[in-house]
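A.B. asks: This is entry.csv (CSV, C-alpha atoms and all ligand atoms).
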```csv
chain,number,residue,atom,x,y,z
L,1429,MET,CA,-37.8,-154.4,-132.7
L,1430,ARG,CA,-41.2,-152.8,-132.0
L,1431,THR,CA,-42.8,-154.1,-128.8
L,1432,MET,CA,-46.0,-152.0,-128.8
L,1433,THR,CA,-49.3,-153.7,-128.4
L,1434,ILE,CA,-52.6,-151.9,-128.9
L,1435,ALA,CA,-55.9,-153.6,-128.1
L,1436,PRO,CA,-59.4,-152.7,-127.1
L,1437,ALA,CA,-59.3,-151.7,-123.4
L,1438,ALA,CA,-62.1,-154.1,-122.5
L,1439,GLU,CA,-60.1,-157.0,-123.9
L,1440,ALA,CA,-56.7,-155.8,-122.6
L,1441,LEU,CA,-58.0,-155.2,-119.1
L,1442,ASP,CA,-60.3,-158.1,-119.0
L,1443,ILE,CA,-63.4,-156.2,-118.1
L,1444,GLY,CA,-66.9,-156.3,-119.6
L,1445,ASP,CA,-67.8,-154.2,-122.6
L,1446,GLU,CA,-70.6,-152.6,-120.5
L,1447,VAL,CA,-68.0,-150.6,-118.5
L,1448,ILE,CA,-67.0,-148.6,-121.6
L,1449,ASP,CA,-70.6,-148.4,-122.9
L,1450,GLY,CA,-71.4,-145.1,-124.6
L,1451,HIS,CA,-67.9,-144.7,-125.9
L,1452,GLU,CA,-67.0,-145.1,-129.6
L,1453,GLU,CA,-63.5,-146.6,-129.1
L,1454,VAL,CA,-61.3,-147.2,-126.0
L,1455,LEU,CA,-57.8,-148.5,-126.6
L,1456,TYR,CA,-55.1,-149.7,-124.3
L,1457,CYS,CA,-51.5,-149.5,-125.3
L,1458,HIS,CA,-48.4,-151.2,-123.8
L,1459,ASP,CA,-44.9,-150.5,-125.1
L,1460,GLU,CA,-42.4,-152.8,-123.4
L,1461,GLU,CA,-39.3,-150.9,-124.6
L,1462,SER,CA,-40.3,-147.5,-123.1
L,1463,GLY,CA,-42.6,-148.8,-120.3
L,1464,LEU,CA,-45.6,-146.9,-121.7
L,1465,ARG,CA,-49.0,-147.9,-120.5
L,1466,ALA,CA,-51.7,-145.7,-121.7
L,1467,ILE,CA,-55.4,-145.5,-122.6
L,1468,ILE,CA,-57.1,-143.4,-125.2
L,1469,ALA,CA,-60.8,-143.0,-124.9
L,1470,ILE,CA,-62.9,-141.6,-127.8
L,1471,HIS,CA,-66.3,-140.8,-126.5
L,1472,ASP,CA,-68.2,-139.1,-129.3
L,1473,THR,CA,-67.1,-137.9,-132.7
L,1474,THR,CA,-70.5,-136.6,-133.9
L,1475,LEU,CA,-69.1,-133.0,-134.2
L,1476,GLY,CA,-65.6,-133.9,-135.3
L,1477,PRO,CA,-62.4,-135.6,-134.3
L,1478,ALA,CA,-62.1,-136.3,-130.5
L,1479,LEU,CA,-60.1,-133.5,-128.9
L,1480,GLY,CA,-58.9,-133.7,-125.3
L,1481,GLY,CA,-55.7,-133.7,-123.2
L,1482,THR,CA,-53.4,-136.4,-121.9
L,1483,ARG,CA,-53.3,-136.9,-118.1
L,1484,PHE,CA,-50.1,-138.4,-116.7
L,1485,LYS,CA,-50.8,-139.9,-113.3
L,1486,SER,CA,-50.3,-142.8,-110.9
L,1487,TYR,CA,-53.4,-145.0,-110.4
L,1488,ASP,CA,-53.8,-147.8,-107.9
L,1489,THR,CA,-55.1,-150.1,-110.7
L,1490,ASP,CA,-55.5,-149.9,-114.5
L,1491,GLN,CA,-59.2,-150.1,-113.9
L,1492,ASP,CA,-59.0,-146.9,-111.9
L,1493,ALA,CA,-57.2,-145.3,-114.8
L,1494,LEU,CA,-59.9,-146.5,-117.2
L,1495,HIS,CA,-62.7,-145.1,-115.0
L,1496,ASP,CA,-60.9,-141.7,-114.9
L,1497,VAL,CA,-60.3,-141.5,-118.7
L,1498,LEU,CA,-63.9,-142.5,-119.5
L,1499,ARG,CA,-65.3,-139.8,-117.2
L,1500,LEU,CA,-62.9,-137.2,-118.6
L,1501,SER,CA,-63.5,-138.0,-122.3
L,1502,ARG,CA,-67.3,-137.8,-121.7
L,1503,GLY,CA,-66.7,-134.3,-120.2
L,1504,MET,CA,-64.7,-133.3,-123.3
L,1505,THR,CA,-67.7,-134.1,-125.6
L,1506,SER,CA,-69.8,-131.6,-123.5
L,1507,LYS,CA,-67.1,-129.0,-123.3
L,1508,ASN,CA,-66.3,-129.0,-127.0
L,1509,ALA,CA,-70.0,-129.1,-128.0
L,1510,ALA,CA,-70.9,-126.2,-125.6
L,1511,ALA,CA,-68.0,-124.2,-127.0
L,1512,GLY,CA,-69.3,-124.6,-130.5
L,1513,LEU,CA,-66.2,-126.3,-131.7
L,1514,PRO,CA,-66.1,-128.8,-134.6
L,1515,PHE,CA,-64.5,-131.4,-132.3
L,1516,GLY,CA,-65.8,-134.4,-130.4
L,1517,GLY,CA,-64.8,-135.6,-127.0
L,1518,GLY,CA,-61.8,-137.8,-126.1
L,1519,LYS,CA,-59.1,-138.0,-123.5
L,1520,ALA,CA,-56.1,-140.1,-122.7
L,1521,VAL,CA,-54.2,-141.2,-119.6
L,1522,ILE,CA,-50.6,-142.3,-119.3
L,1523,ILE,CA,-50.3,-144.5,-116.2
L,1524,GLY,CA,-47.4,-143.7,-113.9
L,1525,ASP,CA,-45.8,-141.0,-111.8
L,1526,PRO,CA,-44.8,-138.3,-114.2
L,1527,ARG,CA,-41.9,-137.3,-111.9
L,1528,THR,CA,-40.1,-140.6,-112.4
L,1529,ALA,CA,-41.7,-142.4,-115.4
L,1530,LYS,CA,-41.6,-139.5,-117.9
L,1531,THR,CA,-38.9,-140.0,-120.5
L,1532,PRO,CA,-38.5,-138.8,-124.1
L,1533,GLU,CA,-38.7,-142.5,-125.3
L,1534,LEU,CA,-42.0,-143.0,-123.5
L,1535,LEU,CA,-43.4,-139.7,-124.9
L,1536,ARG,CA,-42.3,-140.7,-128.4
L,1537,ALA,CA,-44.0,-144.1,-128.0
L,1538,TYR,CA,-47.1,-142.3,-126.8
L,1539,GLY,CA,-47.0,-140.2,-129.9
L,1540,ARG,CA,-47.0,-143.4,-132.0
L,1541,PHE,CA,-50.0,-144.6,-130.1
L,1542,VAL,CA,-51.9,-141.3,-130.8
L,1543,ASP,CA,-50.8,-141.6,-134.4
L,1544,SER,CA,-52.2,-145.1,-134.8
L,1545,LEU,CA,-55.7,-143.6,-134.6
L,1546,ASP,CA,-55.1,-141.6,-137.8
L,1547,GLY,CA,-56.5,-138.3,-136.4
L,1548,ARG,CA,-59.7,-139.7,-134.8
L,1549,TYR,CA,-58.1,-138.5,-131.5
L,1550,VAL,CA,-56.2,-135.2,-131.2
L,1551,THR,CA,-54.3,-134.8,-127.9
L,1552,ALA,CA,-53.2,-131.8,-125.7
L,1553,ALA,CA,-51.7,-131.2,-122.3
L,1554,ASP,CA,-53.5,-132.0,-119.0
L,1555,LEU,CA,-52.4,-132.7,-115.4
L,1556,GLY,CA,-48.9,-134.1,-115.5
L,1557,THR,CA,-48.1,-133.1,-119.0
L,1558,ASN,CA,-47.1,-129.7,-120.5
L,1559,SER,CA,-46.1,-128.0,-123.8
L,1560,ASP,CA,-42.5,-129.2,-123.5
L,1561,ASP,CA,-43.7,-132.8,-123.3
L,1562,LEU,CA,-46.0,-132.2,-126.3
L,1563,ASP,CA,-43.0,-131.0,-128.4
L,1564,ILE,CA,-41.6,-134.5,-127.9
L,1565,VAL,CA,-44.9,-136.3,-128.5
L,1566,GLY,CA,-45.0,-134.2,-131.7
L,1567,GLU,CA,-41.9,-135.9,-133.0
L,1568,THR,CA,-44.1,-139.0,-133.7
L,1569,THR,CA,-47.5,-137.6,-134.5
L,1570,THR,CA,-49.1,-134.5,-135.9
L,1571,HIS,CA,-52.4,-135.1,-134.2
L,1572,LEU,CA,-51.9,-132.8,-131.2
L,1573,THR,CA,-52.3,-129.2,-130.0
L,1574,GLY,CA,-50.5,-127.2,-127.3
L,1575,ARG,CA,-46.9,-127.4,-128.2
L,1576,THR,CA,-44.6,-124.6,-127.3
L,1577,ALA,CA,-44.6,-121.5,-129.5
L,1578,GLY,CA,-41.1,-122.3,-130.6
L,1579,ALA,CA,-42.3,-125.7,-131.9
L,1580,GLY,CA,-45.2,-124.0,-133.8
L,1581,GLY,CA,-47.8,-124.5,-131.1
L,1582,ALA,CA,-50.1,-122.0,-129.4
L,1583,GLY,CA,-48.4,-122.4,-126.0
L,1584,ASP,CA,-50.1,-121.7,-122.6
L,1585,SER,CA,-53.8,-121.8,-122.7
L,1586,GLY,CA,-54.2,-120.2,-119.2
L,1587,PRO,CA,-54.8,-116.6,-120.4
L,1588,ALA,CA,-57.6,-117.7,-122.8
L,1589,THR,CA,-59.2,-119.9,-120.1
L,1590,ALA,CA,-59.1,-116.9,-117.7
L,1591,LEU,CA,-60.8,-114.6,-120.3
L,1592,GLY,CA,-63.5,-117.2,-120.8
L,1593,VAL,CA,-64.1,-117.5,-117.1
L,1594,PHE,CA,-64.2,-113.7,-116.8
L,1595,SER,CA,-66.8,-113.5,-119.7
L,1596,ALA,CA,-69.0,-116.2,-118.1
L,1597,MET,CA,-68.7,-114.5,-114.7
L,1598,ARG,CA,-70.0,-111.2,-116.2
L,1599,ALA,CA,-73.0,-113.1,-117.7
L,1600,GLY,CA,-73.7,-114.6,-114.2
L,1601,ALA,CA,-73.5,-111.1,-112.6
L,1602,GLU,CA,-75.9,-109.8,-115.2
L,1603,ARG,CA,-78.4,-112.5,-114.4
L,1604,LEU,CA,-78.1,-112.0,-110.6
L,1605,TRP,CA,-77.7,-108.3,-110.3
L,1606,GLY,CA,-79.1,-107.0,-113.5
L,1607,GLU,CA,-75.7,-105.6,-114.7
L,1608,SER,CA,-72.7,-107.5,-116.1
L,1609,GLY,CA,-70.1,-105.3,-114.5
L,1610,LEU,CA,-68.1,-106.7,-111.6
L,1611,HIS,CA,-67.2,-103.3,-110.3
L,1612,ASP,CA,-67.1,-103.2,-106.5
L,1613,ARG,CA,-68.1,-106.9,-106.3
L,1614,THR,CA,-65.8,-109.0,-104.0
L,1615,VAL,CA,-64.5,-112.0,-105.9
L,1616,GLY,CA,-62.6,-114.8,-104.3
L,1617,VAL,CA,-60.1,-116.5,-106.6
L,1618,GLU,CA,-59.1,-119.9,-105.3
L,1619,GLY,CA,-55.8,-120.9,-106.9
L,1620,ALA,CA,-53.3,-118.3,-108.2
L,1621,GLY,CA,-51.9,-120.4,-111.1
L,1622,LYS,CA,-51.9,-120.0,-114.8
L,1623,VAL,CA,-55.6,-119.2,-114.9
L,1624,GLY,CA,-56.2,-117.6,-111.5
L,1625,GLY,CA,-53.3,-115.2,-111.9
L,1626,VAL,CA,-54.7,-113.8,-115.2
L,1627,LEU,CA,-58.3,-113.8,-114.0
L,1628,THR,CA,-57.2,-111.7,-111.0
L,1629,ARG,CA,-55.7,-109.1,-113.4
L,1630,LEU,CA,-58.9,-109.0,-115.5
L,1631,LEU,CA,-61.0,-108.5,-112.3
L,1632,LEU,CA,-58.9,-105.7,-111.0
L,1633,ASP,CA,-59.1,-103.9,-114.3
L,1634,GLU,CA,-62.9,-104.2,-114.0
L,1635,GLY,CA,-62.8,-102.5,-110.6
L,1636,ALA,CA,-63.6,-105.6,-108.5
L,1637,ASN,CA,-62.2,-106.3,-105.0
L,1638,VAL,CA,-60.2,-109.5,-105.3
L,1639,VAL,CA,-59.3,-112.0,-102.6
L,1640,VAL,CA,-56.7,-114.5,-103.8
L,1641,ALA,CA,-56.1,-117.8,-102.0
L,1642,ASP,CA,-53.2,-120.2,-102.6
L,1643,PRO,CA,-51.4,-122.4,-100.2
L,1644,ASP,CA,-48.2,-122.0,-102.2
L,1645,PRO,CA,-46.2,-118.9,-101.0
L,1646,ALA,CA,-44.5,-118.5,-104.3
L,1647,ALA,CA,-47.8,-118.3,-106.1
L,1648,ARG,CA,-49.0,-115.6,-103.6
L,1649,GLU,CA,-45.8,-113.7,-104.1
L,1650,ARG,CA,-46.2,-113.7,-107.9
L,1651,VAL,CA,-49.7,-112.3,-107.5
L,1652,SER,CA,-48.6,-109.7,-105.0
L,1653,ALA,CA,-45.8,-108.5,-107.3
L,1654,ALA,CA,-48.0,-108.5,-110.5
L,1655,THR,CA,-50.7,-106.5,-108.8
L,1656,GLY,CA,-48.6,-104.1,-106.7
L,1657,GLY,CA,-50.3,-105.4,-103.6
L,1658,ALA,CA,-53.8,-104.5,-104.9
L,1659,VAL,CA,-55.4,-107.8,-103.7
L,1660,THR,CA,-56.0,-109.5,-100.4
L,1661,LEU,CA,-53.9,-112.7,-100.2
L,1662,ALA,CA,-54.6,-115.8,-98.1
L,1663,GLU,CA,-53.6,-119.4,-97.8
L,1664,SER,CA,-57.2,-120.5,-98.0
L,1665,LEU,CA,-60.3,-118.7,-99.1
L,1666,ALA,CA,-62.6,-116.9,-96.6
L,1667,GLY,CA,-65.6,-114.7,-97.0
L,1668,PRO,CA,-67.6,-112.6,-97.2
L,1669,LEU,CA,-67.6,-112.8,-101.0
L,1670,ASP,CA,-70.1,-112.0,-103.8
L,1671,VAL,CA,-68.5,-114.4,-106.3
L,1672,TYR,CA,-66.5,-117.6,-105.7
L,1673,ALA,CA,-64.1,-118.5,-108.5
L,1674,PRO,CA,-62.7,-122.1,-108.0
L,1675,CYS,CA,-59.5,-122.2,-110.1
L,1676,ALA,CA,-57.5,-124.9,-108.3
L,1677,LEU,CA,-59.1,-128.3,-107.4
L,1678,GLY,CA,-62.3,-130.0,-108.4
L,1679,ALA,CA,-65.1,-131.0,-106.0
L,1680,THR,CA,-65.0,-127.8,-103.9
L,1681,VAL,CA,-68.4,-126.4,-104.9
L,1682,THR,CA,-71.1,-127.4,-102.3
L,1683,VAL,CA,-74.0,-125.4,-100.9
L,1684,ASP,CA,-72.3,-125.5,-97.5
L,1685,ARG,CA,-69.0,-124.2,-98.8
L,1686,VAL,CA,-70.5,-121.5,-101.0
L,1687,THR,CA,-72.9,-120.4,-98.2
L,1688,SER,CA,-70.0,-120.2,-95.7
L,1689,LEU,CA,-68.2,-117.9,-98.2
L,1690,GLY,CA,-71.3,-115.7,-98.5
L,1691,ALA,CA,-71.2,-116.0,-102.3
L,1692,ARG,CA,-74.2,-116.0,-104.6
L,1693,LEU,CA,-72.4,-116.6,-107.9
L,1694,VAL,CA,-69.9,-119.4,-108.6
L,1695,CYS,CA,-67.8,-119.3,-111.8
L,1696,GLY,CA,-64.3,-120.7,-112.2
L,1697,ALA,CA,-61.8,-122.7,-114.2
L,1698,ALA,CA,-61.5,-125.9,-112.2
L,1699,ASN,CA,-62.8,-129.1,-113.8
L,1700,ASN,CA,-65.5,-131.2,-112.2
L,1701,GLN,CA,-66.4,-128.6,-109.6
L,1702,LEU,CA,-69.3,-130.5,-108.1
L,1703,PRO,CA,-68.5,-133.5,-105.8
L,1704,THR,CA,-71.7,-135.2,-107.1
L,1705,GLN,CA,-74.3,-134.4,-109.7
L,1706,ASP,CA,-76.9,-133.9,-106.9
L,1707,GLU,CA,-75.1,-130.7,-105.9
L,1708,ASP,CA,-76.4,-129.1,-109.1
L,1709,ALA,CA,-80.0,-129.2,-107.9
L,1710,ALA,CA,-79.0,-128.3,-104.3
L,1711,LEU,CA,-77.3,-125.1,-105.5
L,1712,HIS,CA,-80.3,-124.2,-107.6
L,1713,ALA,CA,-82.6,-124.8,-104.6
L,1714,ALA,CA,-80.4,-122.6,-102.4
L,1715,GLY,CA,-80.5,-119.7,-104.9
L,1716,ILE,CA,-76.8,-120.0,-105.7
L,1717,LEU,CA,-76.0,-119.3,-109.4
L,1718,TRP,CA,-73.4,-121.8,-110.7
L,1719,VAL,CA,-72.0,-121.4,-114.2
L,1720,PRO,CA,-71.3,-125.0,-115.2
L,1721,ASP,CA,-67.5,-125.7,-115.2
L,1722,TYR,CA,-67.3,-127.1,-118.7
L,1723,VAL,CA,-69.0,-124.0,-120.1
L,1724,ALA,CA,-66.9,-121.4,-118.2
L,1725,ASN,CA,-63.5,-123.1,-118.6
L,1726,ALA,CA,-63.6,-123.8,-122.4
L,1727,GLY,CA,-61.4,-120.8,-123.3
L,1728,GLY,CA,-58.2,-123.0,-123.3
L,1729,VAL,CA,-59.6,-125.5,-125.8
L,1730,ILE,CA,-61.1,-122.8,-128.0
L,1731,HIS,CA,-57.6,-121.1,-128.0
L,1732,LEU,CA,-55.7,-124.3,-128.9
L,1733,ALA,CA,-58.3,-125.7,-131.5
L,1734,GLY,CA,-58.8,-122.2,-133.0
L,1735,LEU,CA,-55.2,-121.3,-133.5
L,1736,GLU,CA,-53.6,-124.7,-134.2
L,1737,ARG,CA,-56.3,-126.9,-135.9
L,1738,LEU,CA,-58.7,-124.4,-137.4
L,1739,LYS,CA,-55.9,-121.9,-138.3
L,1740,HIS,CA,-58.0,-118.9,-137.2
L,1741,GLU,CA,-56.5,-115.5,-136.7
L,1742,PRO,CA,-55.8,-114.6,-133.0
L,1743,ASP,CA,-58.5,-111.9,-132.9
L,1744,VAL,CA,-61.1,-114.3,-134.2
L,1745,VAL,CA,-60.1,-116.8,-131.5
L,1746,THR,CA,-60.2,-114.1,-128.8
L,1747,ALA,CA,-63.8,-113.2,-130.0
L,1748,ASP,CA,-64.7,-116.9,-129.8
L,1749,VAL,CA,-63.4,-117.1,-126.2
L,1750,ARG,CA,-65.4,-114.0,-125.3
L,1751,ARG,CA,-68.5,-115.7,-126.7
L,1752,ILE,CA,-68.4,-118.1,-123.8
L,1753,GLY,CA,-70.3,-115.2,-122.1
L,1754,ASP,CA,-73.1,-115.6,-124.6
L,1755,THR,CA,-73.3,-119.3,-124.1
L,1756,ALA,CA,-73.4,-118.8,-120.3
L,1757,ARG,CA,-76.1,-116.2,-120.8
L,1758,GLU,CA,-78.2,-118.7,-122.9
L,1759,ILE,CA,-77.8,-121.5,-120.3
L,1760,LEU,CA,-78.7,-119.2,-117.4
L,1761,SER,CA,-81.8,-118.0,-119.2
L,1762,ARG,CA,-82.8,-121.5,-120.0
L,1763,SER,CA,-82.3,-122.5,-116.4
L,1764,ALA,CA,-84.4,-119.5,-115.1
L,1765,ASP,CA,-87.2,-119.9,-117.7
L,1766,ALA,CA,-87.6,-123.6,-117.2
L,1767,GLY,CA,-86.8,-123.6,-113.4
L,1768,ILE,CA,-84.1,-126.2,-113.8
L,1769,PRO,CA,-80.6,-126.3,-112.4
L,1770,THR,CA,-77.9,-124.7,-114.5
L,1771,GLY,CA,-76.0,-128.0,-115.0
L,1772,ILE,CA,-79.1,-129.6,-116.5
L,1773,ALA,CA,-79.6,-126.6,-118.7
L,1774,ALA,CA,-76.1,-126.9,-120.0
L,1775,ASP,CA,-76.5,-130.6,-120.6
L,1776,GLU,CA,-79.6,-129.9,-122.6
L,1777,LEU,CA,-77.8,-127.5,-124.8
L,1778,VAL,CA,-75.1,-130.1,-125.4
L,1779,ALA,CA,-77.7,-132.8,-126.2
L,1780,ALA,CA,-79.4,-130.4,-128.7
L,1781,ARG,CA,-76.1,-129.7,-130.5
L,1782,LEU,CA,-75.2,-133.4,-130.7
L,1783,ALA,CA,-78.7,-134.2,-132.0
L,1784,ALA,CA,-78.3,-131.4,-134.7
L,1785,GLY,CA,-74.9,-132.8,-135.6
L,1786,ARG,CA,-76.4,-136.3,-136.1
L,1787,GLY,CA,-78.8,-134.6,-138.5
L,1801,LIG,N1,-54.9,-123.9,-117.8
L,1801,LIG,C1,-56.0,-124.1,-118.6
L,1801,LIG,O1,-56.0,-123.7,-119.7
L,1801,LIG,C2,-57.2,-124.8,-118.0
L,1801,LIG,C3,-58.2,-125.1,-118.8
L,1801,LIG,C4,-59.4,-125.7,-118.3
L,1801,LIG,C5,-59.4,-126.1,-117.0
L,1801,LIG,N2,-58.3,-125.8,-116.2
L,1801,LIG,C6,-58.4,-126.1,-114.7
L,1801,LIG,O2,-58.3,-124.9,-114.0
L,1801,LIG,C7,-57.6,-125.2,-112.8
L,1801,LIG,C8,-56.4,-124.2,-112.7
L,1801,LIG,O3,-55.6,-124.4,-113.8
L,1801,LIG,P1,-54.2,-123.8,-113.9
L,1801,LIG,O4,-53.7,-124.1,-115.2
L,1801,LIG,O5,-54.2,-122.4,-113.4
L,1801,LIG,O6,-53.4,-124.7,-112.8
L,1801,LIG,P2,-52.0,-124.3,-112.1
L,1801,LIG,O7,-51.4,-125.6,-111.7
L,1801,LIG,O8,-51.2,-123.4,-112.8
L,1801,LIG,O9,-52.5,-123.5,-110.7
L,1801,LIG,C9,-53.2,-124.1,-109.7
L,1801,LIG,C10,-52.9,-123.3,-108.4
L,1801,LIG,O10,-53.9,-123.8,-107.4
L,1801,LIG,C11,-53.2,-123.8,-106.2
L,1801,LIG,N3,-53.9,-124.6,-105.2
L,1801,LIG,C12,-53.8,-125.9,-105.0
L,1801,LIG,N4,-54.6,-126.3,-104.0
L,1801,LIG,C13,-55.2,-125.2,-103.6
L,1801,LIG,C14,-56.2,-124.9,-102.6
L,1801,LIG,N5,-56.7,-125.8,-101.9
L,1801,LIG,N6,-56.7,-123.6,-102.5
L,1801,LIG,C15,-56.2,-122.6,-103.3
L,1801,LIG,N7,-55.2,-122.8,-104.2
L,1801,LIG,C16,-54.8,-124.1,-104.4
L,1801,LIG,C17,-51.8,-124.3,-106.6
L,1801,LIG,O11,-50.8,-123.9,-105.6
L,1801,LIG,C18,-51.5,-123.5,-107.9
L,1801,LIG,O12,-50.9,-122.3,-107.7
L,1801,LIG,C19,-57.3,-126.7,-112.8
L,1801,LIG,O13,-58.3,-127.4,-112.1
L,1801,LIG,C20,-57.3,-127.0,-114.3
L,1801,LIG,O14,-57.6,-128.4,-114.5
L,1801,LIG,C21,-57.2,-125.1,-116.6
```
Turn the structure described in the file into structure tokens.
Ligand SMILES: NC(=O)c1ccc[n+]([C@@H]2O[C@H](COP(=O)([O-])OP(=O)(O)OC[C@H]3O[C@@H](n4cnc5c(N)ncnc54)[C@H](O)[C@@H]3O)[C@@H](O)[C@H]2O)c1
C.D. replies:
Amino acid sequence: MRTMTIAPAAEALDIGDEVIDGHEEVLYCHDEESGLRAIIAIHDTTLGPALGGTRFKSYDTDQDALHDVLRLSRGMTSKNAAAGLPFGGGKAVIIGDPRTAKTPELLRAYGRFVDSLDGRYVTAADLGTNSDDLDIVGETTTHLTGRTAGAGGAGDSGPATALGVFSAMRAGAERLWGESGLHDRTVGVEGAGKVGGVLTRLLLDEGANVVVADPDPAARERVSAATGGAVTLAESLAGPLDVYAPCALGATVTVDRVTSLGARLVCGAANNQLPTQDEDAALHAAGILWVPDYVANAGGVIHLAGLERLKHEPDVVTADVRRIGDTAREILSRSADAGIPTGIAADELVAARLAAGRG
């Protein structure tokens, strides 16, 4: 017997509609049999179906989960629009500790939840989920990206994200120093994971000096082995740097932090890099060039959407990822010409693309 209930989140969580204001559709799902509790938030489908990953995480309350998914889905509208993709913004959360709550039954039930939206939401991996999980989700829905290559998916998006960050960083260097090359610049990569590791390689090939920080000794060891000891390794990042590339946690980019690192350019893969929106103006006033996170880190979604949904050839997708550099250049020019912070310049570009999409 099916035990799944799906209802508007405002009704299921007994909160006012105003909390989800600005979203097209926000649904809460409870499946008794598997224990699934999940929320799918569709923010904006002006440019196409909502595309964004599924975060699997413990939250103190369901309301906390709702706030998180609403913030993340809004961010996906901006990321997909800035990337020039024919997709809107959406995101999902599965509520629970992925280390204990994740079962094949739960993931299949989650796939049925995704499927109930008939393609208005297309999912992918995020914190707490991975390609192996998506292979199981894919048993009950076709509305997904990011399965393993063996299951017909495009696999790890880390290398594409790294290439996008690298392209955006070159655009930032060109604006600051008049030449896009990073040769002889000192770049601090914070986080030697799936993105940071590949970014480090690209930077070394360009002739940059690279400092890589990661608290995980295994991650540092991997970088050391992959680069033949050509980088400086540390547990936490220290200056002096020319460029700071946050590729681990969010909320690390503040004027104080960047100044203490001696960096003038900030460009990395982490999501939600600014602790508050006010930091955008503060960085601008301090003469620090910040390439907005959702612009720089869109390579992963371009890779997944391009290969799996749009069925583009790999070389076309790679060219699209490199074009993040052009988008960054456009935003940095807009910021310089109008004397506005780069985050505002990026938001203006997104608003213009959505307005054009509405016709
Ligand atoms: N993988 C993608 O395609 C993609 C796409 C868009 C955004 N992002 C974002 O980019 C960031 C990195 O993604 P990833 O896939 O490389 O993740 P990952 O989990 O593979 O790697 C993250 C690394 O950061 C390290 N780390 C944790 N705390 C740190 C700290 N305080 N200082 C330095 N290092 C620290 C971890 O030990 C780990 O090695 C994440 O914020 C992710 O959300 C990733």
A.B. asks: Name all residues at most 10 Å from Asp1488 in chain L (count all atoms listed in the file; drop same-chain ones fewer than 3 positions away) and give them as a list in words.
C.D. replies: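 Answer for this query is Gln1491, Asp1492, Ala1493, Ile1523 and Gly1524 of chain L.
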A.B. asks: Show me, as a PyMOL selection string, the residues that have an atom within 7 Å of Ile1564 in chain L when counting all atoms listed in the file, minus same-chain residues fewer than 3 positions from it.
C.D. replies: chain L and resi 1532+1535-1536+1560-1561+1567
A.B. asks: Can you pull out the residues contacting Ile1752 in chain L? Cut-off 9 Å, using all atoms listed in the file, and skip same-chain residues under 5 positions away; I want them as a PyMOL selection string.
C.D. replies: chain L and resi 1510-1511+1592-1593+1595-1596+1723-1727+1757
A.B. asks: Distance CA of Val1681 in chain L-CA of Thr1746 in chain L, one decimal place?
C.D. replies: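 Taking CA of Val1681 in chain L and CA of Thr1746 in chain L, their separation equals 28.1 Å.
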A.B. asks: May I have a table of the residues of chain L lying at most 8 Å from ligand LIG 1801 (chain L), giving each one's closest pair of atoms and their distance in Å to one decimal, counting all atoms listed in the file, ordered by chain and ascending residue number, as a tab-separated table?
C.D. replies:
```
residue	atom	partner	partner_atom	distance
L:Asp1554	CA	L:LIG1801	O14	7.1
L:Leu1555	CA	L:LIG1801	O14	6.8
L:Asp1584	CA	L:LIG1801	O1	6.9
L:Ser1585	CA	L:LIG1801	O1	4.2
L:Gly1586	CA	L:LIG1801	O1	4.0
L:Pro1587	CA	L:LIG1801	O1	7.2
L:Ala1588	CA	L:LIG1801	O1	6.9
L:Thr1589	CA	L:LIG1801	O1	5.0
L:Ala1590	CA	L:LIG1801	O1	7.7
L:Val1617	CA	L:LIG1801	C15	8.0
L:Glu1618	CA	L:LIG1801	C15	4.4
L:Gly1619	CA	L:LIG1801	N7	3.4
L:Ala1620	CA	L:LIG1801	O12	4.7
L:Gly1621	CA	L:LIG1801	O9	3.2
L:Lys1622	CA	L:LIG1801	O5	3.6
L:Val1623	CA	L:LIG1801	O5	3.8
L:Gly1624	CA	L:LIG1801	O5	5.5
L:Gly1625	CA	L:LIG1801	O5	7.4
L:Ala1641	CA	L:LIG1801	C15	5.0
L:Asp1642	CA	L:LIG1801	N7	3.6
L:Pro1643	CA	L:LIG1801	N7	5.5
L:Asp1644	CA	L:LIG1801	O11	4.7
L:Ala1647	CA	L:LIG1801	O12	5.3
L:Glu1663	CA	L:LIG1801	C15	6.9
L:Ser1664	CA	L:LIG1801	N6	5.5
L:Leu1665	CA	L:LIG1801	N6	7.0
L:Pro1674	CA	L:LIG1801	C7	7.7
L:Cys1675	CA	L:LIG1801	C7	4.5
L:Ala1676	CA	L:LIG1801	O10	3.9
L:Leu1677	CA	L:LIG1801	O13	4.9
L:Gly1678	CA	L:LIG1801	O13	6.0
L:Gly1696	CA	L:LIG1801	O2	7.5
L:Ala1697	CA	L:LIG1801	O2	4.1
L:Ala1698	CA	L:LIG1801	O13	3.5
L:Asn1699	CA	L:LIG1801	O13	5.1
L:Asn1725	CA	L:LIG1801	C4	4.9
L:Ala1726	CA	L:LIG1801	C4	6.2
L:Gly1727	CA	L:LIG1801	C3	7.0
L:Gly1728	CA	L:LIG1801	O1	4.3
L:Val1729	CA	L:LIG1801	C3	7.1
```
A.B. asks: In terms of the shortest atom-to-atom distance over only C-alpha atoms, which of L:Lys1485, L:Arg1692, L:Arg1762, L:His1495 is closest to Ala1437 in chain L?
C.D. replies: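 Among L:Lys1485, L:Arg1692, L:Arg1762, L:His1495, it is L:His1495 that comes nearest to Ala1437 in chain L.
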